[in-house]
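Shown below: final21.cif, with mmCIF, C-alpha atoms.
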```
data_run
#
loop_
_atom_site.label_atom_id
_atom_site.label_comp_id
_atom_site.auth_asym_id
_atom_site.auth_seq_id
_atom_site.Cartn_x
_atom_site.Cartn_y
_atom_site.Cartn_z
CA MET A 1 -61.45 137.36 132.73
CA ASN A 2 -61.48 138.28 136.40
CA SER A 3 -60.85 142.01 136.68
CA ASN A 4 -58.42 141.37 139.54
CA SER A 5 -56.20 138.98 137.55
CA LYS A 6 -53.63 139.69 134.92
CA PRO A 7 -54.45 138.96 131.29
CA LYS A 8 -52.94 135.66 130.18
CA ILE A 9 -51.48 135.36 126.69
CA ILE A 10 -49.80 132.47 124.91
CA VAL A 11 -47.06 133.24 122.38
CA ILE A 12 -46.32 130.39 119.98
CA GLY A 13 -42.69 130.59 118.89
CA GLY A 14 -39.55 131.80 120.63
CA GLY A 15 -37.71 133.50 117.77
CA ILE A 16 -37.02 137.22 117.48
CA GLY A 17 -40.67 138.07 116.80
CA GLY A 18 -41.99 135.76 119.51
CA LEU A 19 -39.68 137.09 122.21
CA ALA A 20 -40.41 140.68 121.19
CA ALA A 21 -44.15 140.00 121.35
CA ALA A 22 -43.83 138.34 124.75
CA LEU A 23 -41.84 141.27 126.09
CA ALA A 24 -44.19 143.87 124.60
CA VAL A 25 -47.37 142.43 126.08
CA ALA A 26 -45.76 141.54 129.43
CA ARG A 27 -44.61 145.15 129.77
CA GLU A 28 -48.28 146.12 129.45
CA GLY A 29 -49.27 143.86 132.35
CA ALA A 30 -49.96 140.43 130.88
CA GLU A 31 -48.72 137.04 132.01
CA VAL A 32 -47.14 135.32 129.02
CA LEU A 33 -46.35 131.69 128.27
CA VAL A 34 -43.98 131.16 125.32
CA LEU A 35 -44.30 127.76 123.66
CA GLU A 36 -41.28 126.76 121.55
CA ARG A 37 -40.89 123.60 119.48
CA ALA A 38 -37.06 123.46 119.74
CA GLU A 39 -35.17 121.97 122.64
CA LYS A 40 -34.01 125.37 123.84
CA ILE A 41 -34.72 129.03 123.22
CA GLY A 42 -32.16 130.22 120.71
CA GLU A 43 -31.58 131.50 117.20
CA ILE A 44 -29.87 130.06 114.13
CA GLY A 45 -28.68 131.77 110.98
CA ALA A 46 -26.07 134.41 110.41
CA GLY A 47 -26.24 138.19 110.21
CA ILE A 48 -29.15 140.56 109.76
CA GLN A 49 -29.36 144.27 109.07
CA LEU A 50 -31.09 146.69 111.42
CA GLY A 51 -32.48 149.90 110.00
CA ALA A 52 -33.44 152.91 112.08
CA ASN A 53 -36.97 151.53 112.43
CA ALA A 54 -35.61 148.41 114.15
CA PHE A 55 -33.75 150.49 116.73
CA ALA A 56 -36.87 152.57 117.37
CA ALA A 57 -38.75 149.34 118.10
CA LEU A 58 -35.94 147.93 120.24
CA ASP A 59 -35.87 151.15 122.26
CA ALA A 60 -39.63 150.90 122.79
CA LEU A 61 -39.09 147.38 124.13
CA GLY A 62 -36.35 148.60 126.47
CA VAL A 63 -33.56 146.61 124.80
CA GLY A 64 -32.09 149.18 122.42
CA GLU A 65 -28.86 149.70 124.32
CA ALA A 66 -28.23 145.97 124.67
CA ALA A 67 -28.61 145.56 120.91
CA ARG A 68 -26.40 148.55 120.19
CA SER A 69 -23.64 147.06 122.34
CA ARG A 70 -23.52 143.99 120.07
CA ALA A 71 -24.07 145.66 116.70
CA VAL A 72 -21.63 146.95 114.11
CA PHE A 73 -22.55 150.47 112.94
CA THR A 74 -21.94 150.86 109.23
CA ASP A 75 -20.76 153.89 107.29
CA HIS A 76 -22.69 153.30 104.10
CA LEU A 77 -24.62 150.82 101.96
CA ARG A 78 -23.05 149.93 98.64
CA LEU A 79 -24.44 148.33 95.49
CA MET A 80 -21.87 146.99 93.03
CA ASP A 81 -22.30 145.45 89.60
CA GLY A 82 -21.19 141.88 90.14
CA THR A 83 -20.22 141.50 86.49
CA ASN A 84 -17.54 144.20 86.44
CA ALA A 85 -17.18 145.03 90.19
CA LYS A 86 -17.91 148.70 89.55
CA SER A 87 -19.83 150.72 92.13
CA VAL A 88 -23.41 151.49 91.09
CA VAL A 89 -24.55 153.50 94.10
CA GLU A 90 -23.44 154.24 97.65
CA VAL A 91 -25.83 155.41 100.34
CA ASP A 92 -24.48 157.23 103.37
CA VAL A 93 -25.88 155.81 106.61
CA GLY A 94 -23.61 157.80 108.89
CA GLU A 95 -24.32 161.05 110.69
CA ASN A 96 -26.83 162.47 108.18
CA TYR A 97 -28.84 159.25 108.24
CA ARG A 98 -28.94 159.30 112.03
CA LYS A 99 -30.05 162.91 112.10
CA ARG A 100 -32.84 162.25 109.62
CA PHE A 101 -34.20 159.04 111.15
CA GLY A 102 -33.14 159.42 114.76
CA ASN A 103 -31.31 156.10 114.87
CA PRO A 104 -28.35 154.35 113.24
CA TYR A 105 -28.08 151.67 110.58
CA ALA A 106 -26.28 148.57 111.81
CA VAL A 107 -25.59 144.89 111.23
CA ILE A 108 -25.70 142.18 113.88
CA HIS A 109 -25.61 138.42 114.25
CA ARG A 110 -29.11 136.95 114.60
CA ALA A 111 -28.04 135.21 117.81
CA ASP A 112 -26.93 138.56 119.27
CA ILE A 113 -30.17 140.42 118.56
CA HIS A 114 -32.12 137.42 119.87
CA LEU A 115 -29.98 137.40 123.03
CA SER A 116 -30.52 141.14 123.55
CA ILE A 117 -34.28 140.55 123.73
CA LEU A 118 -33.99 137.25 125.61
CA GLU A 119 -32.04 138.88 128.46
CA ALA A 120 -34.93 141.26 129.11
CA VAL A 121 -37.46 138.45 128.77
CA LEU A 122 -35.64 136.33 131.36
CA GLN A 123 -35.68 139.24 133.79
CA ASN A 124 -39.44 139.64 133.48
CA PRO A 125 -41.23 137.49 136.08
CA ASP A 126 -44.44 137.50 134.05
CA ILE A 127 -42.91 135.55 131.14
CA SER A 128 -42.39 131.78 131.27
CA PHE A 129 -41.20 129.24 128.68
CA GLN A 130 -41.97 125.71 127.66
CA VAL A 131 -39.68 124.10 125.07
CA ASN A 132 -40.00 120.83 123.12
CA THR A 133 -43.60 121.81 122.46
CA GLN A 134 -44.84 121.54 118.89
CA ILE A 135 -48.21 123.21 118.47
CA VAL A 136 -50.38 121.50 115.87
CA ALA A 137 -53.73 123.32 116.31
CA VAL A 138 -55.44 126.26 117.97
CA GLU A 139 -59.05 126.78 118.97
CA GLN A 140 -61.10 129.38 120.79
CA ASP A 141 -64.45 130.27 122.30
CA GLU A 142 -65.94 133.52 123.55
CA ASN A 143 -63.79 133.58 126.67
CA SER A 144 -60.47 131.89 125.87
CA ALA A 145 -58.05 130.55 123.28
CA THR A 146 -56.29 127.18 123.40
CA ALA A 147 -53.14 125.79 121.77
CA ILE A 148 -52.85 122.01 121.33
CA ASP A 149 -49.47 120.29 121.01
CA SER A 150 -48.44 117.12 119.18
CA ASN A 151 -48.94 115.06 122.35
CA GLY A 152 -52.49 116.29 122.83
CA ASN A 153 -51.66 118.65 125.70
CA ARG A 154 -53.79 121.78 125.84
CA TYR A 155 -52.67 125.29 126.87
CA THR A 156 -55.42 127.82 127.51
CA ALA A 157 -55.18 131.59 127.94
CA ASP A 158 -57.16 134.73 127.17
CA ALA A 159 -55.51 135.11 123.74
CA ILE A 160 -52.88 133.60 121.44
CA ILE A 161 -50.22 135.29 119.33
CA GLY A 162 -48.87 133.03 116.58
CA CYS A 163 -45.18 133.81 116.02
CA ASP A 164 -44.45 130.40 114.53
CA GLY A 165 -42.61 131.50 111.42
CA VAL A 166 -42.89 131.07 107.71
CA LYS A 167 -44.60 127.68 107.99
CA SER A 168 -47.03 128.91 110.62
CA VAL A 169 -49.54 126.37 111.89
CA VAL A 170 -51.60 129.23 113.31
CA ARG A 171 -51.77 131.06 109.96
CA GLN A 172 -52.61 127.87 108.12
CA GLN A 173 -55.56 127.27 110.40
CA LEU A 174 -56.78 130.88 110.43
CA ILE A 175 -56.18 131.83 106.80
CA GLY A 176 -55.11 128.73 104.88
CA ASP A 177 -53.43 130.55 102.00
CA GLU A 178 -50.64 129.09 99.91
CA ALA A 179 -47.01 130.15 100.09
CA LYS A 180 -45.43 131.49 96.91
CA VAL A 181 -42.15 129.63 96.36
CA THR A 182 -39.89 132.12 94.62
CA GLY A 183 -37.39 129.77 93.03
CA HIS A 184 -34.67 131.92 94.60
CA VAL A 185 -32.22 130.02 96.79
CA VAL A 186 -30.27 131.72 99.59
CA TYR A 187 -27.03 130.42 101.07
CA ARG A 188 -25.76 131.90 104.34
CA ALA A 189 -22.43 131.53 106.08
CA VAL A 190 -20.16 133.30 108.57
CA VAL A 191 -16.46 133.73 107.78
CA ASP A 192 -13.77 134.62 110.31
CA ALA A 193 -12.07 137.94 109.58
CA ASP A 194 -8.64 136.38 109.13
CA ASN A 195 -10.09 134.27 106.32
CA MET A 196 -11.71 137.22 104.57
CA PRO A 197 -9.99 138.82 101.52
CA GLU A 198 -8.45 142.13 102.54
CA ASP A 199 -10.00 144.07 99.63
CA LEU A 200 -13.47 143.04 100.79
CA LYS A 201 -13.14 144.09 104.42
CA GLN A 202 -15.46 147.08 104.34
CA ASN A 203 -17.56 148.58 107.11
CA ALA A 204 -20.71 148.35 105.04
CA PRO A 205 -23.30 145.94 103.74
CA VAL A 206 -22.04 145.45 100.18
CA VAL A 207 -24.30 143.97 97.52
CA CYS A 208 -22.67 142.60 94.37
CA ALA A 209 -25.55 142.27 91.92
CA GLY A 210 -25.04 139.76 89.14
CA PRO A 211 -27.41 138.43 86.48
CA LYS A 212 -30.02 136.34 88.30
CA CYS A 213 -27.87 136.27 91.43
CA HIS A 214 -26.22 138.47 94.03
CA LEU A 215 -23.79 138.35 96.95
CA VAL A 216 -23.93 140.34 100.19
CA HIS A 217 -21.26 140.66 102.83
CA TYR A 218 -20.75 142.78 105.94
CA PRO A 219 -18.88 142.65 109.27
CA LEU A 220 -20.20 141.10 112.47
CA ARG A 221 -19.12 141.04 116.12
CA GLY A 222 -16.78 143.98 116.03
CA GLY A 223 -15.32 142.95 112.69
CA LYS A 224 -14.15 139.56 114.00
CA GLN A 225 -16.44 137.81 111.53
CA TYR A 226 -18.11 138.56 108.21
CA ASN A 227 -21.58 137.57 107.16
CA LEU A 228 -21.86 136.18 103.65
CA VAL A 229 -25.16 135.69 101.82
CA VAL A 230 -25.49 134.52 98.24
CA THR A 231 -28.74 134.27 96.32
CA PHE A 232 -29.49 132.78 92.92
CA HIS A 233 -32.34 131.67 90.67
CA SER A 234 -32.46 127.90 90.96
CA ARG A 235 -32.43 125.70 87.87
CA ASN A 236 -34.65 123.23 89.68
CA LYS A 237 -38.16 123.22 91.09
CA GLU A 238 -37.74 124.22 94.71
CA GLU A 239 -39.72 123.45 97.84
CA TRP A 240 -39.75 125.89 100.74
CA GLY A 241 -37.27 124.75 103.37
CA VAL A 242 -33.83 124.85 104.99
CA THR A 243 -31.09 122.26 104.39
CA ASP A 244 -27.32 121.96 104.42
CA GLY A 245 -25.75 123.46 101.32
CA SER A 246 -22.81 122.61 99.10
CA LYS A 247 -19.97 124.81 97.88
CA GLU A 248 -20.19 123.10 94.49
CA GLU A 249 -23.75 124.27 93.94
CA VAL A 250 -22.87 127.84 94.90
CA LEU A 251 -19.87 127.98 92.57
CA SER A 252 -21.93 126.62 89.69
CA TYR A 253 -24.28 129.62 89.79
CA PHE A 254 -21.64 132.35 89.99
CA GLN A 255 -19.32 131.56 87.10
CA GLY A 256 -20.07 134.89 85.41
CA VAL A 257 -19.31 137.00 88.48
CA HIS A 258 -16.20 139.21 88.63
CA PRO A 259 -13.18 137.62 90.37
CA MET A 260 -13.20 140.18 93.19
CA PRO A 261 -16.54 139.13 94.72
CA PHE A 262 -16.16 135.55 93.45
CA GLN A 263 -13.19 134.99 95.76
CA MET A 264 -15.53 135.12 98.76
CA LEU A 265 -17.31 131.96 97.70
CA ASP A 266 -14.38 129.71 98.54
CA ARG A 267 -14.03 130.98 102.12
CA PRO A 268 -16.92 129.40 104.12
CA THR A 269 -16.32 125.97 105.62
CA SER A 270 -20.07 125.25 105.74
CA TRP A 271 -23.25 126.71 104.29
CA ARG A 272 -26.95 126.63 105.14
CA ARG A 273 -29.36 126.62 102.20
CA TRP A 274 -32.78 128.31 102.21
CA ALA A 275 -35.26 127.75 99.39
CA THR A 276 -37.27 130.94 99.82
CA ALA A 277 -40.92 131.85 99.65
CA ASP A 278 -43.24 134.66 100.64
CA ARG A 279 -47.02 135.09 100.72
CA ASP A 280 -49.35 137.58 99.13
CA PRO A 281 -50.61 140.10 101.68
CA VAL A 282 -54.05 139.41 103.14
CA GLU A 283 -56.64 141.81 104.52
CA ARG A 284 -56.90 140.19 107.93
CA TRP A 285 -54.53 138.54 110.41
CA SER A 286 -56.70 138.44 113.54
CA PHE A 287 -59.68 136.23 114.27
CA GLY A 288 -61.35 136.55 117.65
CA ARG A 289 -58.74 135.99 120.33
CA ILE A 290 -55.98 134.79 117.99
CA THR A 291 -53.60 136.84 115.87
CA ILE A 292 -50.25 136.37 114.11
CA LEU A 293 -47.00 138.31 113.98
CA GLY A 294 -43.69 138.44 112.11
CA ASP A 295 -43.01 135.80 109.47
CA ALA A 296 -46.29 134.10 110.30
CA ALA A 297 -48.11 137.28 109.27
CA HIS A 298 -45.94 138.64 106.45
CA PRO A 299 -43.16 136.32 105.27
CA MET A 300 -41.11 138.31 102.79
CA THR A 301 -38.04 137.90 100.65
CA LEU A 302 -34.71 139.17 101.92
CA TYR A 303 -34.07 141.95 99.42
CA LEU A 304 -34.86 144.88 101.73
CA ALA A 305 -33.43 143.23 104.87
CA GLN A 306 -36.64 144.09 106.73
CA GLY A 307 -38.07 140.78 107.93
CA ALA A 308 -36.88 141.00 111.54
CA CYS A 309 -37.33 144.78 111.59
CA GLN A 310 -41.00 144.44 110.69
CA ALA A 311 -41.53 141.74 113.32
CA LEU A 312 -40.13 144.10 115.95
CA GLU A 313 -42.52 146.83 114.79
CA ASP A 314 -45.41 144.34 114.99
CA ALA A 315 -44.59 143.54 118.60
CA VAL A 316 -44.42 147.16 119.69
CA VAL A 317 -47.73 148.02 118.02
CA LEU A 318 -49.41 144.96 119.50
CA GLY A 319 -48.37 145.99 122.99
CA LEU A 320 -49.57 149.55 122.44
CA VAL A 321 -53.02 148.57 121.16
CA LEU A 322 -53.57 146.08 123.99
CA ARG A 323 -52.83 148.90 126.41
CA LYS A 324 -55.05 151.34 124.51
CA TYR A 325 -58.09 149.03 124.61
CA GLY A 326 -57.49 147.52 128.04
CA PHE A 327 -56.94 144.03 126.60
CA ASP A 328 -60.22 144.07 124.70
CA TYR A 329 -58.91 141.66 122.09
CA ASP A 330 -61.49 142.34 119.39
CA LYS A 331 -60.75 146.07 119.39
CA ALA A 332 -57.01 145.75 119.95
CA PHE A 333 -56.43 143.13 117.28
CA ALA A 334 -58.60 145.00 114.78
CA HIS A 335 -56.49 148.13 115.34
CA TYR A 336 -53.31 146.07 115.02
CA ASP A 337 -54.50 144.76 111.63
CA ARG A 338 -55.41 148.25 110.41
CA VAL A 339 -51.98 149.64 111.26
CA ARG A 340 -49.68 146.76 110.40
CA ILE A 341 -51.17 145.10 107.31
CA PRO A 342 -50.74 148.08 104.93
CA ARG A 343 -47.29 148.83 106.32
CA THR A 344 -45.96 145.30 105.94
CA ALA A 345 -47.65 144.81 102.55
CA ARG A 346 -45.81 147.85 101.23
CA VAL A 347 -42.49 146.47 102.47
CA LEU A 348 -43.24 143.00 101.10
CA HIS A 349 -44.04 144.33 97.61
CA SER A 350 -40.97 146.58 97.72
CA ALA A 351 -38.77 143.61 98.63
CA ARG A 352 -40.07 141.68 95.62
CA GLU A 353 -39.28 144.61 93.36
CA MET A 354 -35.82 145.05 94.85
CA GLY A 355 -35.10 141.41 94.06
CA ARG A 356 -35.88 142.15 90.42
CA VAL A 357 -33.54 145.15 90.52
CA TYR A 358 -30.69 143.19 92.12
CA HIS A 359 -30.95 140.33 89.64
CA ALA A 360 -31.37 142.40 86.49
CA ASP A 361 -29.81 141.07 83.31
CA GLY A 362 -29.25 142.45 79.81
CA VAL A 363 -30.84 145.85 79.16
CA ASP A 364 -32.51 145.80 82.58
CA ARG A 365 -29.05 145.71 84.14
CA LEU A 366 -28.03 148.77 82.17
CA VAL A 367 -31.18 150.60 83.24
CA ARG A 368 -30.54 149.73 86.89
CA ASN A 369 -26.95 150.97 86.72
CA SER A 370 -27.98 154.26 85.16
CA LEU A 371 -30.68 155.16 87.71
#
```
Would you kindly transcribe this structure into structure tokens?
Amino acid sequence: MNSNSKPKIIVIGGGIGGLAAALAVAREGAEVLVLERAEKIGEIGAGIQLGANAFAALDALGVGEAARSRAVFTDHLRLMDGTNAKSVVEVDVGENYRKRFGNPYAVIHRADIHLSILEAVLQNPDISFQVNTQIVAVEQDENSATAIDSNGNRYTADAIIGCDGVKSVVRQQLIGDEAKVTGHVVYRAVVDADNMPEDLKQNAPVVCAGPKCHLVHYPLRGGKQYNLVVTFHSRNKEEWGVTDGSKEEVLSYFQGVHPMPFQMLDRPTSWRRWATADRDPVERWSFGRITILGDAAHPMTLYLAQGACQALEDAVVLGLVLRKYGFDYDKAFAHYDRVRIPRTARVLHSAREMGRVYHADGVDRLVRNSL
């Protein structure tokens, strides 16, 4: 690389992790090209939860206040037994939480957190986009890295960051490991507040844990909407993917749930269905001038609500190590791996265990409720 030119980096994927990565490295002086397979840069899905660690990362990216302006700050987290609707535990995430961790706990629509980052990205002259670009392969030599799209077009830069999600082409080429399909199916929907049962309108993420299933709901967009997520152990052999869902399938898995949470299931007018998977942690994400980030690096189940939070942390660390080593990619990416792999592996394993806790049945349910 010419010492008088800016480093050039390609980011594959324009989701939350990809935009955060683009912003992080551009703020350190790189020129960034974001390649996105969709027709436009945007985000699908429903709500996500943002712990204090997410706000620390957003602040480091310079978008913390924008995210705060769109978030709903919750008073507590609540776990209920979905069989009898009794409270199992309530965790205060108000003033004491903020004092301890230096930031709030909040919930936000995925599109709103994505927009909060996108606004800053669009204001940065060193970041450009190309949509309708499906990357099918990457390659590299001693001096550069190249992404190749489905039409055979080649995009070359000094380095590549693969932020291409749970079915990452970059990870498949670099690591080639198999995804672990969990058999757990997740349905997500957004319900308008005027269609939400009054006794369920709480300023908190509320988990109703039933045998081999659970429901989560919390407010979005100033309480004008509510996010609803239901998860169950499928009777069928599942393949990792996203499809349209059916109310009939949801209702069939929640017949043993108490009427109070059950009443939520009839409210959505449409559902999206995720057959979930994660991957076992690996000891290395980075190879030469190519690395991965977010779901491409550490796809995890939803039970700790940390997927997007960890992607934001990844982006901040990646920017910091590139600055520290002056865009020496071997050193920077090695440091990134050392810091982020143990951290995200711990969260991934904890999420798996929390799924077991949420879905406890029989004696295990009694043990959970007594802890």
Using only C-alpha atoms, determine which residues lie at most 8 Å from Arg37 in chain A, disregarding the query and same-chain residues fewer than 4 positions distant; provide the list as a ChimeraX atom specification. /A:13,131-135
Write out the residues from the selection above, keeping C-alpha atoms, as a PDB file, in the frame of the given file.
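Ended up saving to selection.pdb:
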```
ATOM      1  CA  GLY A  13     -42.690 130.590 118.890  1.00  0.00           C
ATOM      2  CA  VAL A 131     -39.680 124.100 125.070  1.00  0.00           C
ATOM      3  CA  ASN A 132     -40.000 120.830 123.120  1.00  0.00           C
ATOM      4  CA  THR A 133     -43.600 121.810 122.460  1.00  0.00           C
ATOM      5  CA  GLN A 134     -44.840 121.540 118.890  1.00  0.00           C
ATOM      6  CA  ILE A 135     -48.210 123.210 118.470  1.00  0.00           C
TER       7      ILE A 135
END
```
Exercise: Val91 in chain A partners within 10 Å, only C-alpha atoms, chain neighbours under 5 positions left out, as a PyMOL selection string: chain A and resi 75-79+97+204
Once the PyMOL selection byres ((chain A and resi 218) around 6) has been applied to the shown file, what residues remain in the selection, as number ranges by chain? A: 204-205, 217, 219, 226-227
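Across the structure, CA of Tyr358 in chain A and CA of Ala209 in chain A are spaced 5.2 Å apart.
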Resolved residues for the PyMOL selection byres ((chain A and resi 93) around 12) as a list in words: Leu50, Gly51, Ala52, Phe73, Thr74, Asp75, His76, Leu77, Arg78, Glu90, Val91, Asp92, Gly94, Glu95, Asn96, Tyr97, Arg98, Lys99, Arg100, Phe101, Gly102, Asn103, Pro104, Tyr105, Ala106, Val107, Asn203, Ala204 and Pro205 of chain A
Same residues, C-alpha atoms, output as a tab-separated table (two decimals), in the frame of the given file:
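Written out: out35.tsv:
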```tsv
chain	number	residue	atom	x	y	z
A	50	LEU	CA	-31.09	146.69	111.42
A	51	GLY	CA	-32.48	149.90	110.00
A	52	ALA	CA	-33.44	152.91	112.08
A	73	PHE	CA	-22.55	150.47	112.94
A	74	THR	CA	-21.94	150.86	109.23
A	75	ASP	CA	-20.76	153.89	107.29
A	76	HIS	CA	-22.69	153.30	104.10
A	77	LEU	CA	-24.62	150.82	101.96
A	78	ARG	CA	-23.05	149.93	98.64
A	90	GLU	CA	-23.44	154.24	97.65
A	91	VAL	CA	-25.83	155.41	100.34
A	92	ASP	CA	-24.48	157.23	103.37
A	94	GLY	CA	-23.61	157.80	108.89
A	95	GLU	CA	-24.32	161.05	110.69
A	96	ASN	CA	-26.83	162.47	108.18
A	97	TYR	CA	-28.84	159.25	108.24
A	98	ARG	CA	-28.94	159.30	112.03
A	99	LYS	CA	-30.05	162.91	112.10
A	100	ARG	CA	-32.84	162.25	109.62
A	101	PHE	CA	-34.20	159.04	111.15
A	102	GLY	CA	-33.14	159.42	114.76
A	103	ASN	CA	-31.31	156.10	114.87
A	104	PRO	CA	-28.35	154.35	113.24
A	105	TYR	CA	-28.08	151.67	110.58
A	106	ALA	CA	-26.28	148.57	111.81
A	107	VAL	CA	-25.59	144.89	111.23
A	203	ASN	CA	-17.56	148.58	107.11
A	204	ALA	CA	-20.71	148.35	105.04
A	205	PRO	CA	-23.30	145.94	103.74
```
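Residues near the point (-51.9, 135.0, 130.4), at a distance of 6 Å or less over only C-alpha atoms, make up A:Pro7, A:Lys8, A:Ile9, A:Ala30, A:Glu31, A:Val32, A:Ala157.
In this model, the gap between CA of Ala351 in chain A and CA of Leu302 in chain A comes to 6.9 Å.
In this structure, CA of Gly362 in chain A sits 15.8 Å away from CA of Met80 in chain A.
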